[in-house]
>>> print(open('my_file_4.txt').read())   # compact mmCIF, C-alpha atoms and all ligand atoms
# COMPACT_ATOMS: atom_id res chain seq x y z
CA MET A 1 6.68 -14.60 -11.78
CA ILE A 2 8.57 -12.73 -14.52
CA SER A 3 10.02 -14.32 -17.64
CA GLY A 4 12.51 -13.23 -20.26
CA ASN A 5 9.66 -11.53 -22.11
CA ALA A 6 8.59 -9.38 -19.16
CA PHE A 7 7.41 -5.81 -19.76
CA ILE A 8 9.54 -3.41 -17.72
CA ALA A 9 8.73 0.07 -16.41
CA GLY A 10 9.76 2.06 -13.34
CA VAL A 11 9.97 5.36 -11.52
CA MET A 12 12.90 7.79 -11.62
CA GLY A 13 13.56 10.04 -8.66
CA TRP A 14 16.48 11.39 -6.65
CA PRO A 15 16.09 9.96 -4.13
CA VAL A 16 13.46 7.42 -5.10
CA SER A 17 13.40 5.19 -2.02
CA HIS A 18 10.37 7.02 -0.55
CA SER A 19 8.23 6.29 -3.62
CA LEU A 20 5.14 4.14 -3.13
CA SER A 21 4.73 3.61 -6.88
CA PRO A 22 6.72 0.33 -7.10
CA LYS A 23 4.45 -1.27 -4.49
CA LEU A 24 1.35 0.02 -6.20
CA HIS A 25 2.31 -1.19 -9.68
CA ASP A 26 3.62 -4.48 -8.30
CA ARG A 27 0.22 -5.17 -6.78
CA TRP A 28 -1.57 -4.27 -10.01
CA LEU A 29 0.79 -6.49 -12.02
CA ALA A 30 0.04 -9.40 -9.67
CA GLU A 31 -3.73 -8.76 -9.75
CA CYS A 32 -3.73 -8.69 -13.55
CA GLY A 33 -1.37 -11.67 -13.83
CA ILE A 34 0.96 -9.67 -16.09
CA ASP A 35 4.47 -10.79 -16.91
CA GLY A 36 6.12 -7.51 -15.95
CA ALA A 37 8.01 -5.45 -13.40
CA TYR A 38 7.98 -1.85 -12.20
CA ILE A 39 11.18 -0.89 -10.45
CA PRO A 40 12.60 2.06 -8.50
CA LEU A 41 15.26 3.90 -10.55
CA PRO A 42 17.48 6.24 -8.53
CA VAL A 43 18.74 8.70 -11.15
CA ALA A 44 20.87 11.75 -10.32
CA PRO A 45 19.74 14.91 -12.17
CA ASP A 46 22.96 15.04 -14.21
CA ASP A 47 22.33 11.51 -15.50
CA LEU A 48 18.72 12.01 -16.52
CA GLU A 49 19.37 12.60 -20.22
CA LEU A 50 21.72 9.62 -20.48
CA VAL A 51 19.16 7.37 -18.80
CA PHE A 52 16.34 8.63 -21.05
CA ARG A 53 18.36 7.57 -24.09
CA ALA A 54 19.51 4.25 -22.65
CA LEU A 55 16.36 2.73 -21.14
CA PRO A 56 14.43 2.30 -24.41
CA ARG A 57 17.40 0.28 -25.71
CA LEU A 58 17.10 -1.94 -22.65
CA GLY A 59 13.50 -2.71 -23.53
CA PHE A 60 11.76 -0.40 -21.07
CA ARG A 61 8.13 0.34 -22.00
CA GLY A 62 8.24 3.64 -20.12
CA TRP A 63 8.57 5.22 -16.72
CA ASN A 64 7.26 7.72 -14.21
CA LEU A 65 9.13 10.77 -12.96
CA THR A 66 9.07 12.09 -9.44
CA VAL A 67 10.92 14.89 -7.65
CA PRO A 68 13.13 16.52 -8.95
CA HIS A 69 12.83 15.27 -12.54
CA LYS A 70 9.39 16.27 -13.81
CA GLU A 71 10.33 19.66 -15.29
CA ALA A 72 13.59 18.46 -16.87
CA ALA A 73 11.77 15.50 -18.42
CA LEU A 74 9.63 17.87 -20.49
CA SER A 75 12.66 18.94 -22.52
CA LEU A 76 14.00 15.39 -22.86
CA VAL A 77 11.01 13.72 -24.49
CA ASP A 78 10.56 13.76 -28.26
CA GLU A 79 6.92 14.73 -28.00
CA ALA A 80 4.91 16.07 -25.08
CA ASP A 81 1.13 16.33 -25.10
CA GLU A 82 -0.75 19.56 -24.45
CA THR A 83 -1.33 18.76 -20.77
CA ALA A 84 2.36 18.23 -20.08
CA ARG A 85 3.25 21.41 -21.94
CA ALA A 86 0.61 23.45 -20.11
CA ILE A 87 1.77 22.16 -16.72
CA GLY A 88 5.43 22.46 -17.73
CA ALA A 89 6.25 18.99 -16.48
CA VAL A 90 6.14 15.32 -17.48
CA ASN A 91 5.35 12.57 -14.96
CA THR A 92 4.75 9.70 -17.40
CA VAL A 93 6.91 8.63 -20.35
CA ILE A 94 5.86 6.07 -22.94
CA VAL A 95 8.47 4.50 -25.22
CA ARG A 96 7.19 4.15 -28.78
CA GLU A 97 8.10 1.40 -31.26
CA ASP A 98 10.85 3.53 -32.82
CA PHE A 99 12.33 4.17 -29.35
CA SER A 100 11.12 7.78 -29.37
CA LEU A 101 9.71 9.13 -26.12
CA PHE A 102 6.20 10.44 -25.58
CA GLY A 103 5.60 12.47 -22.42
CA THR A 104 2.37 13.27 -20.63
CA ASN A 105 1.32 14.48 -17.22
CA THR A 106 -1.35 12.58 -15.31
CA ASP A 107 -1.13 14.55 -12.04
CA ALA A 108 -4.00 16.91 -12.91
CA LYS A 109 -6.30 14.03 -13.86
CA GLY A 110 -5.25 12.18 -10.71
CA PHE A 111 -6.04 15.21 -8.59
CA LEU A 112 -9.54 15.55 -10.08
CA ALA A 113 -10.27 11.82 -9.92
CA ASN A 114 -9.36 11.80 -6.22
CA LEU A 115 -11.83 14.63 -5.52
CA ALA A 116 -14.66 13.31 -7.72
CA PRO A 117 -16.32 11.14 -5.02
CA HIS A 118 -16.64 14.30 -2.89
CA SER A 119 -18.64 16.13 -5.60
CA PRO A 120 -16.41 19.23 -5.43
CA ASP A 121 -17.74 22.70 -6.15
CA TYR A 122 -15.14 24.52 -8.22
CA THR A 123 -16.76 27.96 -7.98
CA ARG A 124 -14.04 29.60 -5.88
CA CYS A 125 -10.84 27.62 -5.40
CA VAL A 126 -7.95 28.63 -3.18
CA VAL A 127 -4.60 26.96 -3.86
CA ILE A 128 -1.80 27.28 -1.29
CA GLY A 129 1.64 27.08 -2.91
CA ALA A 130 2.99 27.81 -6.39
CA GLY A 131 5.52 25.04 -7.08
CA GLY A 132 5.32 22.15 -9.50
CA ALA A 133 2.42 20.47 -7.74
CA ALA A 134 0.48 23.74 -7.71
CA ARG A 135 0.92 24.08 -11.48
CA ALA A 136 -0.73 20.68 -12.01
CA VAL A 137 -3.53 21.56 -9.58
CA ALA A 138 -4.14 24.98 -11.15
CA TYR A 139 -4.28 23.35 -14.59
CA ALA A 140 -6.71 20.73 -13.29
CA LEU A 141 -8.98 23.38 -11.80
CA ARG A 142 -8.95 25.41 -15.02
CA SER A 143 -9.74 22.37 -17.10
CA SER A 144 -12.65 21.45 -14.85
CA GLY A 145 -14.23 24.84 -15.35
CA ALA A 146 -13.21 26.57 -12.11
CA LYS A 147 -14.53 30.13 -12.30
CA GLU A 148 -12.01 31.61 -9.94
CA THR A 149 -8.70 30.19 -8.76
CA ILE A 150 -6.78 32.15 -6.16
CA ILE A 151 -3.15 31.30 -5.57
CA VAL A 152 -1.61 32.07 -2.20
CA ASN A 153 2.13 31.65 -1.96
CA ARG A 154 4.94 32.77 0.29
CA THR A 155 6.72 34.14 -2.78
CA LEU A 156 4.14 36.33 -4.49
CA GLU A 157 5.84 36.43 -7.92
CA LYS A 158 5.55 32.65 -8.30
CA ALA A 159 1.83 32.84 -7.54
CA GLN A 160 1.31 35.56 -10.14
CA ALA A 161 2.53 33.23 -12.86
CA LEU A 162 -0.27 30.77 -12.01
CA GLY A 163 -3.42 32.83 -11.54
CA ARG A 164 -4.92 35.48 -9.30
CA ALA A 165 -2.26 35.90 -6.64
CA VAL A 166 -2.84 36.87 -3.02
CA PRO A 167 0.07 37.85 -0.73
CA TRP A 168 0.99 35.37 2.01
CA GLU A 169 0.04 37.88 4.72
CA GLN A 170 -3.54 37.87 3.44
CA ARG A 171 -3.91 34.08 3.34
CA ALA A 172 -6.52 33.89 6.11
CA GLN A 173 -8.86 36.43 4.45
CA ALA A 174 -8.32 34.79 1.06
CA LEU A 175 -10.40 31.84 2.30
CA GLU A 176 -13.58 33.92 2.50
CA GLY A 177 -16.23 32.45 0.23
CA ALA A 178 -13.99 29.57 -0.88
CA THR A 179 -15.65 26.37 -2.07
CA LEU A 180 -12.41 24.38 -2.31
CA LEU A 181 -9.08 24.72 -0.47
CA VAL A 182 -5.98 22.85 -1.67
CA ASN A 183 -2.58 22.70 0.01
CA THR A 184 0.19 22.00 -2.50
CA THR A 185 3.12 23.00 -0.28
CA THR A 186 5.27 20.58 1.68
CA GLN A 187 4.03 22.14 4.93
CA GLY A 188 2.26 19.52 7.01
CA MET A 189 4.37 16.67 5.65
CA ARG A 190 6.04 14.43 8.23
CA GLY A 191 9.26 16.19 9.26
CA HIS A 192 8.00 19.63 8.14
CA GLU A 193 6.19 22.36 10.03
CA PRO A 194 2.37 22.35 9.78
CA LEU A 195 0.88 24.78 7.27
CA ASP A 196 0.36 28.09 9.06
CA LEU A 197 -3.15 28.90 7.81
CA PRO A 198 -5.95 30.14 10.10
CA LEU A 199 -9.27 28.69 8.86
CA HIS A 200 -11.76 31.03 10.58
CA ALA A 201 -12.84 32.71 7.32
CA LEU A 202 -13.33 29.43 5.43
CA PRO A 203 -16.98 28.48 4.84
CA LYS A 204 -17.89 25.22 6.58
CA ALA A 205 -19.10 23.70 3.34
CA ALA A 206 -15.73 24.13 1.60
CA LEU A 207 -13.95 20.90 0.68
CA VAL A 208 -10.38 20.84 1.99
CA THR A 209 -7.71 18.67 0.39
CA ASP A 210 -3.98 18.21 0.77
CA ILE A 211 -1.64 16.69 -1.74
CA VAL A 212 0.57 15.64 1.16
CA TYR A 213 -0.33 12.07 2.20
CA ALA A 214 2.34 11.39 4.82
CA PRO A 215 0.69 11.66 7.29
CA LEU A 216 -2.64 10.89 5.65
CA MET A 217 -4.42 13.32 7.95
CA THR A 218 -2.20 16.40 7.86
CA PRO A 219 -2.61 19.10 10.53
CA LEU A 220 -4.56 21.12 7.92
CA LEU A 221 -7.00 18.27 7.29
CA GLU A 222 -7.35 17.59 11.03
CA ALA A 223 -8.12 21.26 11.68
CA ALA A 224 -10.60 21.39 8.81
CA ARG A 225 -12.37 18.22 9.92
CA ALA A 226 -12.53 19.45 13.53
CA ARG A 227 -14.48 22.53 12.46
CA GLY A 228 -16.83 20.49 10.27
CA ASN A 229 -15.41 20.89 6.75
CA PRO A 230 -15.47 17.90 4.39
CA VAL A 231 -11.92 16.70 3.70
CA ALA A 232 -10.21 14.62 0.99
CA THR A 233 -6.83 13.02 1.70
CA GLY A 234 -4.03 13.05 -0.85
CA ILE A 235 -3.22 9.38 -1.30
CA GLY A 236 -5.92 8.85 -3.93
CA MET A 237 -4.15 11.29 -6.25
CA LEU A 238 -1.08 9.04 -6.22
CA VAL A 239 -3.20 6.03 -7.12
CA HIS A 240 -5.15 7.79 -9.86
CA GLN A 241 -2.11 9.43 -11.50
CA ALA A 242 -0.49 6.00 -11.74
CA ALA A 243 -3.28 4.25 -13.65
CA PRO A 244 -2.75 5.74 -17.16
CA GLY A 245 0.94 4.75 -17.18
CA PHE A 246 0.10 1.21 -16.10
CA ALA A 247 -2.48 0.93 -18.87
CA ALA A 248 -0.05 2.27 -21.50
CA TRP A 249 2.91 0.07 -20.54
CA PHE A 250 1.18 -3.13 -19.53
CA GLY A 251 -1.98 -3.03 -21.64
CA ARG A 252 -4.58 -3.38 -18.88
CA GLN A 253 -6.67 -0.96 -16.83
CA PRO A 254 -5.72 -1.48 -13.18
CA ASN A 255 -8.34 -1.84 -10.49
CA ILE A 256 -8.71 1.17 -8.18
CA THR A 257 -10.45 0.54 -4.88
CA GLN A 258 -10.83 2.48 -1.63
CA GLU A 259 -8.91 -0.25 0.13
CA LEU A 260 -5.91 0.19 -2.19
CA ALA A 261 -4.98 3.61 -0.76
CA SER A 262 -5.03 2.43 2.84
CA TRP A 263 -3.15 -0.76 1.91
CA LEU A 264 -0.41 1.36 0.33
CA LEU A 265 0.01 3.40 3.49
CA ASP A 266 -0.13 0.32 5.75
CA GLU A 267 2.60 -1.25 3.69
CA ARG A 268 4.75 1.81 4.09
CA ASN A 269 4.27 1.89 7.85
CA GLU A 270 5.58 -1.65 8.04
CA ASP A 271 8.84 -0.63 6.33
P1 LIG B 301 6.62 20.95 -5.60
O1 LIG B 301 7.21 20.82 -6.97
O2 LIG B 301 6.50 19.64 -4.87
O3 LIG B 301 5.34 21.71 -5.57
P2 LIG B 301 8.31 23.18 -4.92
O4 LIG B 301 8.34 23.58 -6.33
O5 LIG B 301 9.58 23.20 -4.14
O6 LIG B 301 7.72 21.74 -4.72
O7 LIG B 301 7.22 24.09 -4.18
C1 LIG B 301 7.09 24.09 -2.82
C2 LIG B 301 5.97 25.05 -2.44
O8 LIG B 301 5.88 25.05 -1.01
C3 LIG B 301 6.24 26.48 -2.84
O9 LIG B 301 5.00 27.11 -3.14
C4 LIG B 301 6.87 27.07 -1.57
O10 LIG B 301 6.75 28.47 -1.45
P3 LIG B 301 7.82 29.46 -2.16
O11 LIG B 301 7.42 29.56 -3.60
O12 LIG B 301 7.69 30.72 -1.45
O13 LIG B 301 9.17 28.81 -1.98
C5 LIG B 301 6.04 26.37 -0.53
N1 LIG B 301 6.72 26.35 0.77
C6 LIG B 301 7.82 25.66 1.10
N2 LIG B 301 8.14 25.91 2.39
C7 LIG B 301 7.24 26.79 2.86
C8 LIG B 301 7.02 27.43 4.12
N3 LIG B 301 7.84 27.24 5.16
N4 LIG B 301 5.98 28.29 4.23
C9 LIG B 301 5.16 28.50 3.20
N5 LIG B 301 5.29 27.93 1.99
C10 LIG B 301 6.31 27.08 1.81
>>> encode(input="my_file_4.txt", output="structure tokens")
Amino acid sequence: MISGNAFIAGVMGWPVSHSLSPKLHDRWLAECGIDGAYIPLPVAPDDLELVFRALPRLGFRGWNLTVPHKEAALSLVDEADETARAIGAVNTVIVREDFSLFGTNTDAKGFLANLAPHSPDYTRCVVIGAGGAARAVAYALRSSGAKETIIVNRTLEKAQALGRAVPWEQRAQALEGATLLVNTTTQGMRGHEPLDLPLHALPKAALVTDIVYAPLMTPLLEAARARGNPVATGIGMLVHQAAPGFAAWFGRQPNITQELASWLLDERNED
């Protein structure tokens, strides 16, 4: 399908083999009939700067960053937009005509777009975790007019840097009156312990979401659904954060459907 004129982009991670982004972009490229490729790029942290300088010279249109490169990427781009600077991380790089690098962060937008169909109420948001993902979520909540964002994290100091911090020991009570609950920790991911969070104080109307999408229904989401809370899975955030990069590199808006998220996960299960 690709010719010598193909547009090339990719995703850098270390490791990168778990990334679903190549499959997602590959499908969009096929659907749009674009002469292009989006490839996995395993890049060790020590090589990141070298690779950032080299890829534009190889004709790359840009790339995504995943763990552990998002924070380092911020200092390697020539210009970062306000969103990337506020979050302190870059997940999307666009190569400009003069080979300079423009960095943005689409995680916050992706997070909000994933929740939009659930008509979220941002009055009182509780975020579990204070890592890189939590920074994007906290920024997203602020930018969507959240009145109160409470950050609960095992390490209190990290939570304090993000908003109103609540000690880990008080996590159950922190859910009182919440309208939205977000898990941004790795707890609940396949191979990790479930998130240890009693839900008894959480109002039944609160929307519960998890940025973990492997498994799609994390123990937190299962527990929330069992007691009657509306839930939003995390896979849609991956799909929505990917769209702006695709549009910038390949010149077309990709099609986002409900079916796309489940197809992505089915594909992975076949691997
Ligand atoms: P990411 O960039 O993906 O958000 P991270 O920066 O490593 O990853 O953040 C992981 C988050 O999960 C942190 O909030 C971490 O809590 P600490 O700040 O105390 O390290 C949280 N986390 C990891 N393991 C945890 C556990 N066993 N219990 C509770 N929180 C945990």
>>> residues_around(input="my_file_4.txt", residues="range 207-218 of chain A", least_positions_apart="6", cutoff="6 Å", atoms="all atoms listed in the file", output="number ranges by chain")
A: 180-184, 188-190, 230-235
>>> residues_near_ligand(input="my_file_4.txt", ligand="ligand LIG 301 (chain B)", cutoff="7 Å", atoms="only C-alpha atoms and all ligand atoms", output="MDAnalysis selection string")
chainID A and resid 129:134 153:155 158 184:187 195
>>> atom_distance(input="my_file_4.txt", atom1="CA of Ala172 in chain A", atom2="CA of Ile128 in chain A")
11.0 Å
>>> closest_residue(input="my_file_4.txt", among="A:Val11, A:Ala159, A:Ala108, A:Ala247", to="His69 in chain A", atoms="only C-alpha atoms")
A:Val11
>>> atom_distance(input="my_file_4.txt", atom1="CA of His25 in chain A", atom2="CA of Pro254 in chain A")
8.8 Å
>>> atom_distance(input="my_file_4.txt", atom1="CA of Thr123 in chain A", atom2="CA of Thr149 in chain A")
8.4 Å
>>> closest_residue(input="my_file_4.txt", among="A:Val239, A:Ala140, A:Val95, A:Ala248", to="Val127 in chain A", atoms="all atoms listed in the file")
A:Ala140
>>> closest_residue(input="my_file_4.txt", among="A:Met12, A:Ala113, A:Ile150, A:Ala206", to="Pro167 in chain A", atoms="all atoms listed in the file")
A:Ile150
>>> residues_near_point(input="my_file_4.txt", point="(7.6, -9.9, -15.6)", cutoff="6 Å", atoms="all atoms listed in the file", output="PyMOL selection string")
chain A and resi 2-3+6-7+35-37
>>> residues_around(input="my_file_4.txt", residues="Ala261 in chain A", least_positions_apart="2", cutoff="8 Å", atoms="only C-alpha atoms", output="PyMOL selection string")
chain A and resi 235-236+239+257-259+263-265
>>> closest_residue(input="my_file_4.txt", among="A:Asn114, A:Asn229, A:Thr106, A:Thr179", to="Glu148 in chain A", atoms="all atoms listed in the file")
A:Thr179
>>> residues_around(input="my_file_4.txt", residues="Ser143 in chain A", least_positions_apart="5", cutoff="10 Å", atoms="all atoms listed in the file", output="ChimeraX atom specification")
/A:83,108-109,112,137-138
>>> axis_aligned_box(input="my_file_4.txt", around="range 251-268 of chain A", padding_each_side="5 Å", output="JSON")
{"center_x": -3.0, "center_y": 0.1, "center_z": -7.9, "size_x": 25.6, "size_y": 17.0, "size_z": 37.4}
>>> residues_around(input="my_file_4.txt", residues="Gly228 in chain A", least_positions_apart="2", cutoff="10 Å", atoms="only C-alpha atoms", output="MDAnalysis selection string")
chainID A and resid 203:206 222:226 230:231
